[in-house]
Structures are given as structure tokens and as C-alpha cells.
Amino acid sequence: TRSTRPQRLLAAVQKNATRGDPRSVVKAIDEFCRYTEWAMNVGDEKGCILDSVVSEVNPATVLELGTYCGYSTVRIATLLPPDAKLITLEFNPDFAVIARQVIAWAGQEEKVHLVEGSSGDLIPKMKEQFGVKSFDLVFLDHWKDRYLPDAKLMEAGSVLLADNVICPGSPDYLDYVRNSPKYRSQYFKSHLEYTKVEDGLEKSVFLG
Ligand SMILES: O=C(NC/C=C/[C@H]1O[C@@H](n2cnc3cncnc32)[C@H](O)[C@@H]1O)c1cc([N+](=O)[O-])cc(O)c1O
Ligand SMILES: [Mg+2]
């Protein structure tokens, strides 16, 4: 049967990236998605904004919602100190299988804990299951209609960084974080990965 897009993306990583070199994995995925087959990774342009926010927050604990193929997982993990923890949630087992191999190829397994399941179920269990009361940084890049309900599950002090607030868009989430006194929100204008369409990231600092 025909391969899936994540399988073709992984094959491109294994063919073109150097094992243990996370930057070469990021580059291989970006080249594959730009010149061969588009895929919904945060991409190189928005990825640089993601990198700058991760470096600024310098988090000890990170939660990523929506692993997909592990592109942003690798970008974030590469910037974390050895004792930092990145928990990434993915409910599609086929995507999880691919992401684990991309993360391994990049040599980032030690810092990454990929948990299979849905954010709505897992976030309430974070404390008891992983001993993490709150995260220093949360990267939201999963189904756009889950951003707001999941943000409300996590109001325990952290910086939220959301992908795609313009395209495909998450209007209810954007309205909430921009108008709630609990957040100081900031928009980073960019483009939808590998295209000229406008998109951006929204960084929202929880004020308590
Ligand atoms: O739709 C987009 N992203 C949805 C991402 C979805 C990914 O997160 C997982 N997931 C979903 N809810 C989950 C809940 N819990 C765990 N994993 C979950 C899905 O299994 C998938 O791996 C998207 C679309 C475009 N686009 O141009 O169309 C561009 C982008 O950058 C995007 O991120
Ligand atoms: Mg996205």
C-alpha cells in the first residue's frame, strides 16, 4: 500500500540528515517540505521565532501539544539544557511511531518524553503521572479548536506559545488570551510554513 506523508518525511530524514545532528534533521525536513511535499511542521521561518522564545524563557519543563512528526520537538529539545524535560503529547499512534524515530535520529531521546494520548485527557493527569505541577513553556500546535479548552486546563503559571493563530486560525483562543486580564499576549507576525500566506505565533504570559 502507498506510504504515508509522515513515512516519506522520515525517509527523507534518514536519507539526508546525519544521525545525532539535530540541525541536519531540521534542515532535511524543511527541504523535504519546501521542495518535495508540504507538511504541517512549524517550519523554518516560524521555527526561528519558536527558537527565540524558547531561548528567552529558558524553560526547565516544556509541554508540546501535537507532536506530529517531531519537527518542533527536535527544535525545542536542541535548545534545552541536559536536565530539562520536554513532554510532547500525540494521540495518533501512526504519527507517534514516526516522531519517535525522528527524535531518535536527532539524538534528543533523553530530553523528550513522547506520551500517546489526547491533551484533554492527559493534561489533568500531568501532576500525578509526571510530577509536573506546571510547565515553564507550553507550545500549542494541535487541533486548533483544542487550544482554548486546553489553555483553560493549564492556568497554572506558564508561557503559552501558539502556532497558526491566523492560518488555519484559532479565533476563540486568540480572543481569550488577548482580552483576559490573566494574560499578557504578543503576536509574532510570520508566514504559514513553506508559503507566502500570512500566519503567526501568539506568545501569552500567564499573570496569575
Ligand atoms: O491542523 C494543523 N495542525 C493540527 C495538528 C495536529 C497534530 O496534533 C495531534 N493532535 C491533535 N489534537 C491532539 C490532542 N492531543 C494530542 N495530540 C493531538 C494530531 O494527531 C496531529 O499529529 C495545522 C494545519 C496547517 N495548515 O496549513 O492547514 C498548518 C499548521 O501549522 C498546523 O499545525
Ligand atoms: Mg502548526
# chains A, B, ... in the order shown; residues from 1 in each chain; ligands from 1
>>> residues_around(residues="Gly131 (chain A)", least_positions_apart="6", cutoff="12 Å", atoms="only C-alpha atoms", output="list in words")
Thr61, Lys85, Ile87, Ile123, Pro124 and Lys125 of chain A
>>> write_last_selection(atoms="N, CA, C and O atoms", output="short mmCIF file (atom, residue, chain, number, x, y, z; two decimals), in the first residue's frame")
data_model
loop_
_atom_site.label_atom_id
_atom_site.label_comp_id
_atom_site.auth_asym_id
_atom_site.auth_seq_id
_atom_site.Cartn_x
_atom_site.Cartn_y
_atom_site.Cartn_z
N THR A 61 10.95 22.96 32.16
CA THR A 61 9.94 21.98 31.72
C THR A 61 9.13 22.60 30.57
O THR A 61 8.71 23.76 30.65
N LYS A 85 13.25 19.02 30.74
CA LYS A 85 12.33 17.97 30.31
C LYS A 85 11.32 18.53 29.31
O LYS A 85 10.73 19.60 29.56
N ILE A 87 7.89 17.30 27.50
CA ILE A 87 6.84 16.28 27.35
C ILE A 87 6.01 16.68 26.14
O ILE A 87 5.58 17.84 26.03
N ILE A 123 -3.65 16.26 30.22
CA ILE A 123 -3.23 17.47 30.96
C ILE A 123 -3.67 17.40 32.43
O ILE A 123 -2.86 17.64 33.32
N PRO A 124 -4.93 17.01 32.69
CA PRO A 124 -5.32 16.91 34.10
C PRO A 124 -4.50 15.90 34.91
O PRO A 124 -4.42 15.99 36.13
N LYS A 125 -3.86 14.95 34.19
CA LYS A 125 -3.12 13.90 34.91
C LYS A 125 -1.62 14.22 35.01
O LYS A 125 -0.85 13.42 35.52
#
>>> select_by_dssp(residues="region 69-105 of chain A", states="strand (DSSP E)", output="PyMOL selection string")
chain A and resi 85-90
>>> closest_atom_pairs(of="chain A", to="ligand 2", cutoff="8 Å", atoms="only C-alpha atoms and all ligand atoms", output="CSV")
residue,atom,partner,partner_atom_place_in_ligand_line,distance
A:Met40,CA,ligand 2,1 (Mg),5.8
A:Asn41,CA,ligand 2,1 (Mg),5.9
A:Val42,CA,ligand 2,1 (Mg),5.0
A:Asp141,CA,ligand 2,1 (Mg),4.7
A:His142,CA,ligand 2,1 (Mg),6.9
A:Asp163,CA,ligand 2,1 (Mg),5.0
A:Asn164,CA,ligand 2,1 (Mg),5.3
>>> residues_near_ligand(ligand="ligand 1", cutoff="10 Å", atoms="only C-alpha atoms and all ligand atoms", output="PyMOL selection string")
chain A and resi 6+38-43+46+64-70+88-96+99+115-123+140-147+150+162-169+191-195+197+199-200
>>> select_by_dssp(residues="region 3-141 of chain A", states="helix (DSSP H, G or I)", output="ChimeraX atom specification")
/A:5-16,22-35,43-57,71-78,93-105,109-111,119-130
